[in-house]
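Source file protein22.cif; content: mmCIF, C-alpha atoms.
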data_coords
#
loop_
_atom_site.label_atom_id
_atom_site.label_comp_id
_atom_site.auth_asym_id
_atom_site.auth_seq_id
_atom_site.Cartn_x
_atom_site.Cartn_y
_atom_site.Cartn_z
CA MET A 23 90.78 219.38 -62.54
CA ASP A 24 92.23 220.79 -59.28
CA GLU A 25 93.98 217.56 -58.34
CA GLU A 26 97.50 216.18 -58.33
CA TYR A 27 98.66 213.79 -61.04
CA ASP A 28 101.86 211.89 -61.80
CA ALA A 29 101.67 213.05 -65.40
CA ILE A 30 99.56 215.38 -67.52
CA VAL A 31 99.44 214.67 -71.25
CA LEU A 32 98.54 217.57 -73.56
CA GLY A 33 97.09 216.78 -76.99
CA THR A 34 95.39 213.59 -78.20
CA GLY A 35 97.60 212.95 -81.22
CA LEU A 36 98.61 209.33 -81.69
CA LYS A 37 101.94 209.70 -79.89
CA GLU A 38 100.34 211.36 -76.87
CA CYS A 39 97.58 208.73 -76.69
CA ILE A 40 100.10 205.87 -76.83
CA LEU A 41 102.12 207.55 -74.06
CA SER A 42 99.10 208.09 -71.81
CA GLY A 43 98.15 204.44 -72.31
CA MET A 44 101.69 203.28 -71.48
CA LEU A 45 101.96 205.55 -68.43
CA SER A 46 98.55 204.45 -67.11
CA VAL A 47 99.43 200.79 -67.57
CA SER A 48 102.69 201.44 -65.67
CA GLY A 49 100.65 202.56 -62.66
CA LYS A 50 100.85 206.34 -63.09
CA LYS A 51 97.91 208.64 -62.38
CA VAL A 52 97.36 210.41 -65.71
CA LEU A 53 95.28 213.43 -66.76
CA HIS A 54 94.92 213.75 -70.54
CA VAL A 55 93.77 217.12 -71.93
CA ASP A 56 93.15 218.44 -75.44
CA ARG A 57 92.23 221.98 -76.48
CA ASN A 58 90.25 220.56 -79.43
CA LYS A 59 86.75 219.07 -79.28
CA TYR A 60 87.93 215.96 -81.15
CA TYR A 61 90.51 213.22 -80.65
CA GLY A 62 93.61 212.81 -82.78
CA GLY A 63 95.25 216.24 -83.07
CA GLU A 64 97.35 216.20 -86.24
CA SER A 65 96.67 212.49 -86.74
CA ALA A 66 92.85 212.85 -86.83
CA SER A 67 90.58 211.31 -89.47
CA ILE A 68 88.17 213.91 -90.88
CA THR A 69 84.50 212.98 -91.30
CA PRO A 70 82.08 213.76 -92.91
CA LEU A 71 83.61 214.63 -96.28
CA GLU A 72 82.02 218.11 -96.23
CA GLU A 73 84.21 218.97 -93.25
CA LEU A 74 87.38 218.13 -95.21
CA PHE A 75 86.32 220.44 -98.09
CA THR A 76 85.47 223.22 -95.61
CA ARG A 77 88.80 222.78 -93.84
CA PHE A 78 90.66 223.47 -97.10
CA GLY A 79 88.31 226.25 -98.23
CA ALA A 80 86.95 224.24 -101.20
CA PRO A 81 83.35 224.37 -102.49
CA ALA A 82 81.16 221.60 -101.02
CA PRO A 83 81.46 218.15 -102.67
CA ASP A 84 78.72 217.23 -105.18
CA GLU A 85 76.55 214.12 -104.99
CA THR A 86 78.96 211.98 -107.05
CA TYR A 87 81.09 211.55 -103.89
CA GLY A 88 78.30 209.54 -102.22
CA ARG A 89 77.31 210.04 -98.60
CA GLY A 90 79.60 212.42 -96.72
CA ARG A 91 79.55 210.32 -93.57
CA ASP A 92 80.93 207.29 -95.44
CA TRP A 93 84.26 209.11 -95.61
CA ASN A 94 87.03 209.14 -92.96
CA VAL A 95 90.02 210.95 -94.44
CA ASP A 96 93.33 210.78 -92.56
CA LEU A 97 95.29 214.02 -92.45
CA ILE A 98 98.51 212.05 -91.92
CA PRO A 99 98.13 208.60 -93.42
CA LYS A 100 100.54 205.90 -92.33
CA PHE A 101 100.54 202.13 -92.59
CA LEU A 102 101.52 199.72 -89.82
CA MET A 103 104.28 197.18 -90.38
CA ALA A 104 102.55 193.86 -89.61
CA ASN A 105 105.44 192.79 -87.38
CA GLY A 106 106.51 196.27 -86.31
CA SER A 107 106.69 198.08 -82.97
CA LEU A 108 103.21 199.64 -83.11
CA VAL A 109 101.47 196.32 -83.77
CA LYS A 110 103.46 194.76 -80.90
CA LEU A 111 102.36 197.66 -78.66
CA LEU A 112 98.75 197.21 -79.77
CA ILE A 113 98.79 193.47 -79.11
CA HIS A 114 100.64 193.75 -75.80
CA THR A 115 98.29 196.44 -74.53
CA GLY A 116 95.11 194.73 -75.70
CA VAL A 117 94.14 197.76 -77.81
CA THR A 118 93.66 195.40 -80.77
CA ARG A 119 90.28 194.42 -79.35
CA TYR A 120 88.95 197.88 -80.27
CA LEU A 121 90.32 197.80 -83.81
CA GLU A 122 90.03 195.81 -86.98
CA PHE A 123 92.86 195.74 -89.52
CA LYS A 124 93.10 194.93 -93.18
CA SER A 125 96.23 193.96 -95.07
CA VAL A 126 97.45 196.48 -97.69
CA GLU A 127 97.41 194.76 -101.07
CA GLY A 128 100.58 195.91 -102.78
CA SER A 129 104.02 197.37 -102.21
CA TYR A 130 105.67 199.00 -105.22
CA VAL A 131 108.82 200.91 -106.08
CA TYR A 132 109.44 203.42 -108.87
CA LYS A 133 112.30 202.95 -111.31
CA GLY A 134 113.00 204.67 -114.59
CA GLY A 135 109.49 206.05 -115.14
CA LYS A 136 107.45 203.00 -114.15
CA ILE A 137 106.47 201.13 -110.99
CA SER A 138 107.32 197.53 -110.12
CA LYS A 139 106.35 195.23 -107.29
CA VAL A 140 108.95 195.19 -104.51
CA PRO A 141 110.60 191.74 -104.54
CA VAL A 142 111.03 190.33 -101.04
CA ASP A 143 111.84 186.67 -101.37
CA GLN A 144 114.00 184.59 -103.67
CA LYS A 145 111.09 183.59 -105.92
CA GLU A 146 109.96 187.19 -106.44
CA ALA A 147 113.54 188.34 -106.93
CA LEU A 148 113.95 185.92 -109.84
CA ALA A 149 110.70 187.08 -111.45
CA SER A 150 111.23 190.82 -110.88
CA ASP A 151 111.59 193.25 -113.79
CA LEU A 152 113.77 195.54 -111.63
CA MET A 153 116.96 193.58 -112.38
CA GLY A 154 118.72 191.71 -115.13
CA MET A 155 119.41 187.98 -114.85
CA PHE A 156 122.87 188.11 -113.26
CA GLU A 157 121.85 190.87 -110.86
CA LYS A 158 118.88 188.73 -109.75
CA ARG A 159 121.27 185.99 -108.64
CA ARG A 160 123.43 188.43 -106.72
CA PHE A 161 120.35 189.92 -105.06
CA ARG A 162 119.08 186.43 -104.18
CA ASN A 163 122.39 185.62 -102.47
CA PHE A 164 122.16 188.91 -100.58
CA LEU A 165 118.62 188.09 -99.36
CA ILE A 166 119.74 184.64 -98.20
CA TYR A 167 122.60 186.24 -96.25
CA VAL A 168 120.24 188.75 -94.60
CA GLN A 169 117.72 186.07 -93.62
CA ASP A 170 120.47 183.85 -92.18
CA VAL A 171 122.08 186.55 -90.01
CA ARG A 172 121.52 185.91 -86.31
CA GLU A 173 122.89 188.67 -84.13
CA ASP A 174 124.15 186.32 -81.42
CA ASP A 175 125.82 183.83 -83.79
CA PRO A 176 128.99 185.11 -85.54
CA LYS A 177 129.08 181.94 -87.71
CA SER A 178 125.87 183.12 -89.40
CA TRP A 179 127.62 186.29 -90.57
CA LYS A 180 129.70 184.39 -93.18
CA ASP A 181 132.83 186.51 -92.56
CA MET A 182 130.82 189.71 -93.03
CA ASP A 183 130.39 191.17 -89.55
CA PRO A 184 127.37 193.54 -89.68
CA ASN A 185 128.62 195.25 -86.50
CA VAL A 186 131.84 196.29 -88.27
CA LEU A 187 131.08 196.63 -91.99
CA THR A 188 128.99 199.50 -93.35
CA MET A 189 125.96 198.76 -95.52
CA GLN A 190 127.83 200.12 -98.54
CA GLN A 191 130.58 197.54 -97.96
CA ILE A 192 128.06 194.70 -97.70
CA TYR A 193 126.38 195.78 -100.96
CA GLU A 194 129.79 195.83 -102.63
CA LYS A 195 130.68 192.37 -101.32
CA PHE A 196 127.60 191.01 -103.08
CA GLY A 197 128.30 193.12 -106.18
CA LEU A 198 124.87 194.78 -106.12
CA ASP A 199 124.46 197.64 -108.58
CA LYS A 200 123.24 201.13 -107.67
CA ASN A 201 119.64 200.46 -108.74
CA THR A 202 119.38 197.36 -106.55
CA GLN A 203 120.95 199.23 -103.63
CA ASP A 204 118.37 201.94 -104.23
CA PHE A 205 115.25 199.79 -103.94
CA THR A 206 116.75 197.68 -101.13
CA GLY A 207 117.55 200.71 -98.95
CA HIS A 208 114.37 202.63 -99.72
CA ALA A 209 111.62 200.10 -100.47
CA LEU A 210 112.73 197.23 -98.18
CA ALA A 211 114.70 198.93 -95.37
CA LEU A 212 112.47 202.04 -95.76
CA TYR A 213 115.18 204.68 -95.33
CA ARG A 214 114.26 208.19 -96.45
CA ASP A 215 117.74 209.12 -97.71
CA ASP A 216 121.15 207.51 -98.33
CA GLU A 217 122.91 208.38 -95.07
CA TYR A 218 122.44 204.79 -93.91
CA LEU A 219 125.04 203.57 -96.44
CA ASN A 220 127.88 204.75 -94.20
CA ASP A 221 126.36 203.34 -91.00
CA LYS A 222 126.99 199.85 -89.65
CA ALA A 223 125.05 197.26 -91.62
CA LEU A 224 123.23 195.67 -88.67
CA GLN A 225 120.48 198.29 -88.50
CA THR A 226 119.67 197.87 -92.20
CA ILE A 227 119.66 194.08 -91.88
CA ARG A 228 117.18 194.40 -88.99
CA ARG A 229 114.96 196.64 -91.12
CA ILE A 230 114.95 194.24 -94.09
CA LYS A 231 114.13 191.37 -91.72
CA LEU A 232 111.27 193.43 -90.25
CA TYR A 233 109.91 193.93 -93.78
CA SER A 234 110.09 190.25 -94.71
CA ASP A 235 108.80 189.05 -91.30
CA SER A 236 105.88 191.48 -91.66
CA LEU A 237 105.21 190.20 -95.16
CA ALA A 238 105.26 186.60 -93.93
CA ARG A 239 102.38 187.34 -91.53
CA TYR A 240 99.76 188.24 -94.12
CA GLY A 241 101.32 187.59 -97.49
CA LYS A 242 100.24 190.44 -99.79
CA SER A 243 102.42 193.24 -98.38
CA PRO A 244 104.03 193.94 -95.02
CA TYR A 245 101.55 196.73 -94.26
CA LEU A 246 98.29 196.85 -92.31
CA TYR A 247 95.71 199.63 -92.11
CA PRO A 248 92.83 200.03 -89.63
CA MET A 249 89.21 199.94 -90.78
CA TYR A 250 87.62 203.42 -90.51
CA GLY A 251 91.01 205.13 -90.67
CA LEU A 252 93.86 205.99 -88.35
CA GLY A 253 91.67 208.14 -86.09
CA GLU A 254 90.70 204.82 -84.48
CA LEU A 255 94.23 204.35 -83.11
CA PRO A 256 94.43 207.30 -80.69
CA GLN A 257 90.94 206.46 -79.45
CA GLY A 258 91.95 202.84 -78.81
CA PHE A 259 94.88 203.92 -76.64
CA ALA A 260 92.66 206.50 -74.92
CA ARG A 261 90.27 203.70 -73.93
CA LEU A 262 93.21 201.69 -72.62
CA SER A 263 94.33 204.63 -70.47
CA ALA A 264 90.78 205.09 -69.15
CA ILE A 265 90.52 201.40 -68.17
CA TYR A 266 93.72 201.82 -66.14
CA GLY A 267 92.35 204.92 -64.40
CA GLY A 268 93.37 207.77 -66.74
CA THR A 269 91.17 210.91 -66.79
CA TYR A 270 90.24 212.61 -70.11
CA MET A 271 89.17 216.18 -70.86
CA LEU A 272 88.52 217.45 -74.40
CA ASP A 273 87.77 221.06 -75.39
CA LYS A 274 89.90 222.35 -72.51
CA PRO A 275 92.11 225.36 -73.32
CA ILE A 276 95.61 225.26 -71.83
CA ASP A 277 96.69 228.71 -70.64
CA ASP A 278 100.01 227.97 -69.03
CA ILE A 279 102.45 225.29 -67.96
CA VAL A 280 103.47 226.20 -64.40
CA LEU A 281 107.16 225.90 -63.47
CA GLU A 282 109.00 226.24 -60.16
CA ASP A 283 112.81 226.42 -60.19
CA GLY A 284 112.81 225.39 -63.86
CA LYS A 285 110.74 222.26 -63.20
CA VAL A 286 107.12 221.64 -64.15
CA VAL A 287 104.66 221.56 -61.24
CA GLY A 288 101.31 221.94 -62.97
CA VAL A 289 99.12 223.01 -65.89
CA LYS A 290 96.73 225.99 -65.79
CA SER A 291 93.38 226.19 -67.58
CA GLY A 292 91.38 229.31 -66.75
CA GLU A 293 91.37 229.59 -62.96
CA GLU A 294 92.07 225.88 -62.43
CA VAL A 295 95.52 224.40 -61.87
CA ALA A 296 96.16 220.66 -62.08
CA ARG A 297 99.41 219.84 -60.26
CA CYS A 298 101.77 217.24 -61.68
CA LYS A 299 105.31 215.90 -61.69
CA GLN A 300 105.63 215.62 -65.48
CA VAL A 301 104.07 216.92 -68.69
CA TYR A 302 104.03 215.06 -72.04
CA CYS A 303 102.87 217.03 -75.08
CA ASP A 304 103.08 217.71 -78.81
CA PRO A 305 105.05 220.73 -80.12
CA SER A 306 101.96 222.94 -80.55
CA TYR A 307 101.56 223.30 -76.76
CA VAL A 308 105.12 224.57 -76.17
CA PRO A 309 106.25 226.65 -79.17
CA GLU A 310 109.11 228.16 -77.14
CA ARG A 311 110.59 224.71 -76.39
CA VAL A 312 110.83 223.36 -79.94
CA LYS A 313 112.85 224.16 -83.05
CA LYS A 314 111.75 223.91 -86.66
CA THR A 315 114.03 221.50 -88.53
CA GLY A 316 112.18 221.16 -91.83
CA LYS A 317 108.86 220.92 -93.62
CA VAL A 318 106.69 218.09 -94.96
CA VAL A 319 104.36 218.48 -97.95
CA ARG A 320 101.31 216.22 -98.18
CA CYS A 321 98.66 216.07 -100.88
CA ILE A 322 95.33 214.29 -100.29
CA CYS A 323 93.88 213.09 -103.61
CA LEU A 324 90.30 211.83 -104.01
CA MET A 325 89.98 209.50 -107.01
CA ASP A 326 87.45 207.09 -108.50
CA HIS A 327 90.01 204.51 -109.67
CA PRO A 328 93.05 202.60 -108.32
CA VAL A 329 96.66 203.55 -109.11
CA PRO A 330 97.46 202.48 -112.71
CA GLY A 331 99.95 199.61 -112.99
CA THR A 332 99.16 198.08 -109.57
CA ARG A 333 96.86 195.32 -110.86
CA ASP A 334 93.84 197.29 -109.63
CA ALA A 335 94.97 197.00 -106.00
CA LEU A 336 92.42 198.57 -103.63
CA SER A 337 95.24 199.64 -101.30
CA THR A 338 98.91 200.07 -102.03
CA GLN A 339 102.12 201.89 -101.27
CA VAL A 340 104.53 203.21 -103.90
CA ILE A 341 107.97 204.49 -102.93
CA ILE A 342 109.88 206.77 -105.29
CA PRO A 343 113.55 206.58 -104.21
CA GLN A 344 115.19 210.03 -104.17
CA LYS A 345 117.84 209.22 -106.80
CA GLN A 346 115.21 208.18 -109.36
CA VAL A 347 113.92 211.77 -109.49
CA GLY A 348 117.08 213.70 -108.56
CA ARG A 349 116.15 214.47 -104.97
CA LYS A 350 117.67 214.11 -101.50
CA SER A 351 114.64 212.42 -99.91
CA ASP A 352 112.07 209.89 -101.09
CA ILE A 353 108.53 210.58 -102.27
CA TYR A 354 105.82 208.34 -100.79
CA VAL A 355 102.46 207.46 -102.31
CA SER A 356 99.86 205.59 -100.27
CA LEU A 357 96.41 204.51 -101.39
CA VAL A 358 93.43 203.32 -99.34
CA SER A 359 89.80 202.98 -100.41
CA TYR A 360 86.20 202.09 -99.73
CA THR A 361 87.29 198.56 -98.64
CA HIS A 362 88.66 200.16 -95.45
CA GLN A 363 85.41 202.06 -94.80
CA VAL A 364 87.24 205.39 -95.32
CA ALA A 365 85.52 206.41 -98.58
CA ALA A 366 82.15 205.98 -100.29
CA GLN A 367 81.69 202.91 -102.52
CA GLY A 368 84.00 202.98 -105.56
CA TRP A 369 86.21 205.82 -104.19
CA PHE A 370 89.91 205.91 -103.36
CA ILE A 371 92.07 208.23 -101.24
CA ALA A 372 95.69 208.66 -102.28
CA MET A 373 98.27 210.66 -100.34
CA VAL A 374 101.55 211.86 -101.80
CA SER A 375 104.12 213.16 -99.33
CA THR A 376 107.78 214.09 -99.07
CA THR A 377 110.23 216.19 -97.12
CA VAL A 378 110.33 219.72 -98.58
CA GLU A 379 113.63 220.65 -100.27
CA THR A 380 112.76 223.75 -102.36
CA ASP A 381 110.55 226.85 -102.36
CA ASN A 382 108.00 225.05 -104.52
CA PRO A 383 106.74 222.02 -102.55
CA GLU A 384 103.89 221.34 -104.97
CA MET A 385 106.35 220.72 -107.82
CA GLU A 386 108.35 218.37 -105.59
CA ILE A 387 105.48 215.86 -105.29
CA LYS A 388 104.70 215.97 -109.04
CA PRO A 389 106.44 212.61 -109.78
CA GLY A 390 104.07 211.01 -107.25
CA LEU A 391 100.97 212.80 -108.56
CA ASP A 392 101.87 211.78 -112.13
CA LEU A 393 101.55 208.10 -111.15
CA LEU A 394 97.94 208.49 -110.00
CA GLY A 395 96.09 209.19 -113.25
CA PRO A 396 93.08 211.55 -113.13
CA VAL A 397 92.42 213.06 -109.67
CA ARG A 398 88.97 214.47 -108.85
CA GLN A 399 90.02 216.67 -105.93
CA LYS A 400 93.39 217.63 -104.43
CA PHE A 401 94.12 219.13 -101.01
CA ILE A 402 97.70 220.28 -100.39
CA MET A 403 99.21 221.03 -96.97
CA VAL A 404 102.71 222.01 -95.98
CA SER A 405 103.49 221.39 -92.30
CA ASP A 406 106.49 222.50 -90.29
CA TYR A 407 108.52 219.69 -88.72
CA PHE A 408 109.38 220.44 -85.10
CA GLU A 409 111.75 218.76 -82.66
CA PRO A 410 112.23 219.54 -78.95
CA THR A 411 115.23 221.74 -78.12
CA ASN A 412 116.23 219.47 -75.20
CA ASP A 413 115.49 216.01 -73.81
CA GLY A 414 113.13 217.32 -71.11
CA THR A 415 114.89 215.70 -68.15
CA THR A 416 115.57 219.05 -66.41
CA SER A 417 112.11 220.63 -66.81
CA GLN A 418 110.27 217.25 -66.89
CA ILE A 419 108.42 218.47 -69.99
CA PHE A 420 108.69 215.74 -72.63
CA ILE A 421 107.82 216.80 -76.17
CA SER A 422 107.15 214.59 -79.18
CA LYS A 423 108.51 215.31 -82.66
CA SER A 424 106.14 216.21 -85.51
CA PHE A 425 105.09 213.41 -87.87
CA ASP A 426 107.60 212.85 -90.68
CA ALA A 427 106.89 212.09 -94.35
CA THR A 428 107.24 208.31 -94.06
CA THR A 429 104.16 206.18 -94.70
CA HIS A 430 104.67 203.77 -91.82
CA PHE A 431 104.78 204.02 -88.03
CA GLU A 432 108.27 202.79 -87.17
CA THR A 433 109.74 206.29 -86.61
CA THR A 434 106.60 207.22 -84.60
CA CYS A 435 107.17 204.28 -82.23
CA ASP A 436 110.89 205.01 -81.90
CA ASP A 437 109.98 208.51 -80.70
CA VAL A 438 107.31 207.26 -78.26
CA LEU A 439 109.58 204.61 -76.71
CA ASP A 440 112.40 207.15 -76.45
CA ILE A 441 110.12 209.69 -74.69
CA PHE A 442 108.90 206.97 -72.31
CA ARG A 443 112.52 206.05 -71.52
CA ARG A 444 113.46 209.69 -70.84
CA GLY A 445 110.36 210.28 -68.73
CA THR A 446 110.44 207.17 -66.57
CA GLY A 447 114.14 206.26 -66.68
CA GLU A 448 113.31 202.74 -67.87
CA ASP A 449 112.29 200.86 -70.99
CA PHE A 450 108.58 200.08 -71.28
CA ASP A 451 107.92 196.66 -69.74
CA PHE A 452 105.46 194.92 -72.03
CA SER A 453 104.85 192.21 -69.44
CA LYS A 454 103.02 194.74 -67.22
CA VAL A 455 100.10 194.71 -69.60
CA LYS A 456 97.27 192.28 -68.95
CA HIS A 457 96.64 190.51 -72.23
CA ASP A 458 92.93 190.26 -71.59
CA LEU A 459 91.26 193.43 -70.42
CA ALA A 460 87.79 191.85 -70.41
CA ASP A 461 87.99 191.09 -66.66
CA GLU A 462 88.41 194.79 -65.90
CA GLU A 463 85.33 195.79 -67.84
CA GLN A 464 82.89 193.49 -66.04
#
Give the structure from the file, written as structure tokens.
Amino acid sequence: MDEEYDAIVLGTGLKECILSGMLSVSGKKVLHVDRNKYYGGESASITPLEELFTRFGAPAPDETYGRGRDWNVDLIPKFLMANGSLVKLLIHTGVTRYLEFKSVEGSYVYKGGKISKVPVDQKEALASDLMGMFEKRRFRNFLIYVQDVREDDPKSWKDMDPNVLTMQQIYEKFGLDKNTQDFTGHALALYRDDEYLNDKALQTIRRIKLYSDSLARYGKSPYLYPMYGLGELPQGFARLSAIYGGTYMLDKPIDDIVLEDGKVVGVKSGEEVARCKQVYCDPSYVPERVKKTGKVVRCICLMDHPVPGTRDALSTQVIIPQKQVGRKSDIYVSLVSYTHQVAAQGWFIAMVSTTVETDNPEMEIKPGLDLLGPVRQKFIMVSDYFEPTNDGTTSQIFISKSFDATTHFETTCDDVLDIFRRGTGEDFDFSKVKHDLADEEQ
């Protein structure tokens, strides 16, 4: 360990593994260290099932759960947008060759006590039970406008400039009612709250396009999920980093980050010091450099049936927009199952999550739990949400944010690309990545 590196990455959570892969590909000499014996940090998949029960202090699972090693339970489940930033990163970096993905079968939204399929094209809009007949036409016209918008062609904006008008103004121009605005902003554009209404419309239009472009790739829903769980993702990026010369050390306690004149110069473990120019890490390694800005509640639910009302989908996402249940932030429900090799035959894993708003987080996720039907076993966790107190450019210590309540990876990738930009002073150049890594492994 007593060597000099361009960058030392602490923690093998997904964000840290993506960063070490990106830094290695960009020609940096990287040392990647984790105090745990396993990969994944907060974003690990827990296997066998007995370990999950032990972790939450529950009595061991009985034989009805099948073989314990057939389970891989994500602590923070998220889906990938099929056309989103993470998939582009995976393809550009060649990490896809270590992973296999499956399309998520359904995407639903909650309205007035029941769930409905999220309509994404004109045909589905006309068949949807979320809107009355006249509203369907207005929504159809809105979708056509969104699909036709090209950012570099003002003619395509039809006198509604998305760089000037707010999203609220665009909704009003199409005469969309509050319910339609609700599922558009939360189930298509995937916002967690309603602050976006007062922002310029372009960002929301981009998000709706991302949803429909992702849907167009595989057809059932815009979401993908890796076989064997999300724990495969950090390991895929770790392999990428290793191919490009990165060094890995697990089960290595970190005693100190060494600074000189306010700038990082190394990391100390026991008597060893690895010198470096930069450190990238998750909040748990630098408690004095982060601030708590909120909490997220997550509930893992083991069930032997799919979510009622989803046509027996073996994987699905349900979004409960905040207004439908009198909240300030949405509740997310995601379901994966034995088809993804994350549970024993016939079993399902649901996760209900939201941003905590009261002193009783368990009550806050009740609307999500109520949609699931009978649950065999529940595990509830409340995690603090941390953000760095500064951008890291002075100390050269770059810290990721905690994982939020959303069930997709877009905010994760925004954070990673932002950290990379702050750390290197440039945007990540995807063309640096060799598309085929097979030559390097010969």
Translate the PyMOL selection byres ((chain A and resi 333) around 12), as applied to the file shown, into an explicit residue set as a ChimeraX atom specification.
-> /A:127-130,137-139,327-332,334-338
Let me see the file: selected residues, C-alpha atoms, as a tab-separated table (two decimals), in the frame of the given file.
chain	number	residue	atom	x	y	z
A	127	GLU	CA	97.41	194.76	-101.07
A	128	GLY	CA	100.58	195.91	-102.78
A	129	SER	CA	104.02	197.37	-102.21
A	130	TYR	CA	105.67	199.00	-105.22
A	137	ILE	CA	106.47	201.13	-110.99
A	138	SER	CA	107.32	197.53	-110.12
A	139	LYS	CA	106.35	195.23	-107.29
A	327	HIS	CA	90.01	204.51	-109.67
A	328	PRO	CA	93.05	202.60	-108.32
A	329	VAL	CA	96.66	203.55	-109.11
A	330	PRO	CA	97.46	202.48	-112.71
A	331	GLY	CA	99.95	199.61	-112.99
A	332	THR	CA	99.16	198.08	-109.57
A	334	ASP	CA	93.84	197.29	-109.63
A	335	ALA	CA	94.97	197.00	-106.00
A	336	LEU	CA	92.42	198.57	-103.63
A	337	SER	CA	95.24	199.64	-101.30
A	338	THR	CA	98.91	200.07	-102.03
Figure out the distance between atom CA of A:Gly268 and atom CA of A:Asp437, please, to one decimal in Å.
->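 The value is 21.7 Å.
For the residues A:Gln190, A:Val308, A:Tyr270, A:Leu393, ranking by smallest atom-to-atom distance to A:Gln257 using all atoms listed in the file places A:Tyr270 first.
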The PyMOL selection byres ((chain A and resi 354) around 9) applied to the shown file, residues as an NGL selection string = :A and (339-343 or 352-353 or 355-356 or 373-376 or 387 or 390 or 427-429)
Would you mind telling me which residue in A:Met385, A:Val171, A:Cys39, A:Val347 lies nearest to A:Tyr132 when using all atoms listed in the file?
->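 Ranked by minimum distance to A:Tyr132, first place goes to A:Val347.
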Determine the axis-aligned bounding box of all atoms of stretch 106-121 of chain A present in the file, pad each side by 3 Å, and express its centre and edge lengths in Å to one decimal place as AutoDock Vina command-line options.
--center_x 97.8 --center_y 196.6 --center_z -80.4 --size_x 23.7 --size_y 12.2 --size_z 17.8
Hey, what's within 12 Å of A:Arg172 if we count only C-alpha atoms and toss same-chain stuff fewer than 2 positions away? As number ranges by chain, please?
-> A: 167-170, 174-180, 183-185, 224, 227-228, 231
Just so the selection is clear, what residues does the PyMOL selection byres ((chain A and resi 58-71) around 10) cover here, as a ChimeraX atom specification?
-> /A:33-39,55-57,72-77,82-83,87-100,250-257,260,271-275,304,306,364-366,424-425
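Minimum atom-to-atom distances from A:Arg297, A:Leu232, A:Glu310, A:Ile113 to A:Leu281 were compared using only C-alpha atoms, and the lowest value belongs to A:Arg297.
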Using all atoms listed in the file, which residue out of A:Asp143, A:Asp326, A:Asp413, A:Glu194 lies closest to A:Ser359?
->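 Result for the nearest residue to A:Ser359: A:Asp326.
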By how many Å are atom CA of A:Phe408 and atom CA of A:Ser422 apart?
-> 8.6 Å
Quote the spacing between atom CA of A:Tyr302 and atom CA of A:Val117 in Å to one decimal place.
-> 20.7 Å
Could you check which residues have any atom within 12 Å of (124.7, 203.6, -99.1), counting all atoms listed in the file with coordinates taken straight from the file, and then list them as a PDB file with C-alpha atoms, in the frame of the given file?
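As written to disk, part.pdb reads:
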ATOM      1  CA  LEU A 187     131.080 196.630 -91.990  1.00  0.00           C
ATOM      2  CA  THR A 188     128.990 199.500 -93.350  1.00  0.00           C
ATOM      3  CA  MET A 189     125.960 198.760 -95.520  1.00  0.00           C
ATOM      4  CA  GLN A 190     127.830 200.120 -98.540  1.00  0.00           C
ATOM      5  CA  GLN A 191     130.580 197.540 -97.960  1.00  0.00           C
ATOM      6  CA  ILE A 192     128.060 194.700 -97.700  1.00  0.00           C
ATOM      7  CA  TYR A 193     126.380 195.780-100.960  1.00  0.00           C
ATOM      8  CA  GLU A 194     129.790 195.830-102.630  1.00  0.00           C
ATOM      9  CA  LEU A 198     124.870 194.780-106.120  1.00  0.00           C
ATOM     10  CA  ASP A 199     124.460 197.640-108.580  1.00  0.00           C
ATOM     11  CA  LYS A 200     123.240 201.130-107.670  1.00  0.00           C
ATOM     12  CA  ASN A 201     119.640 200.460-108.740  1.00  0.00           C
ATOM     13  CA  THR A 202     119.380 197.360-106.550  1.00  0.00           C
ATOM     14  CA  GLN A 203     120.950 199.230-103.630  1.00  0.00           C
ATOM     15  CA  ASP A 204     118.370 201.940-104.230  1.00  0.00           C
ATOM     16  CA  PHE A 205     115.250 199.790-103.940  1.00  0.00           C
ATOM     17  CA  THR A 206     116.750 197.680-101.130  1.00  0.00           C
ATOM     18  CA  GLY A 207     117.550 200.710 -98.950  1.00  0.00           C
ATOM     19  CA  HIS A 208     114.370 202.630 -99.720  1.00  0.00           C
ATOM     20  CA  ALA A 211     114.700 198.930 -95.370  1.00  0.00           C
ATOM     21  CA  TYR A 213     115.180 204.680 -95.330  1.00  0.00           C
ATOM     22  CA  ARG A 214     114.260 208.190 -96.450  1.00  0.00           C
ATOM     23  CA  ASP A 215     117.740 209.120 -97.710  1.00  0.00           C
ATOM     24  CA  ASP A 216     121.150 207.510 -98.330  1.00  0.00           C
ATOM     25  CA  GLU A 217     122.910 208.380 -95.070  1.00  0.00           C
ATOM     26  CA  TYR A 218     122.440 204.790 -93.910  1.00  0.00           C
ATOM     27  CA  LEU A 219     125.040 203.570 -96.440  1.00  0.00           C
ATOM     28  CA  ASN A 220     127.880 204.750 -94.200  1.00  0.00           C
ATOM     29  CA  ASP A 221     126.360 203.340 -91.000  1.00  0.00           C
ATOM     30  CA  LYS A 222     126.990 199.850 -89.650  1.00  0.00           C
ATOM     31  CA  ALA A 223     125.050 197.260 -91.620  1.00  0.00           C
ATOM     32  CA  THR A 226     119.670 197.870 -92.200  1.00  0.00           C
ATOM     33  CA  LYS A 345     117.840 209.220-106.800  1.00  0.00           C
TER      34      LYS A 345
END
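Distances here use only C-alpha atoms; by that measure, the residue among A:Cys323, A:Ala29, A:Ile402, A:Leu111 closest to A:Thr446 is A:Ala29.
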Which polymer residues, protein or nucleic acid, are no farther than 12 Å from (110.5, 192.1, -104.9), counting all atoms listed in the file, as an MDAnalysis selection string?
-> chainID A and resid 128:131 137:153 158 161:162 165 202 205:206 209:210 230 233:234 237 242:244
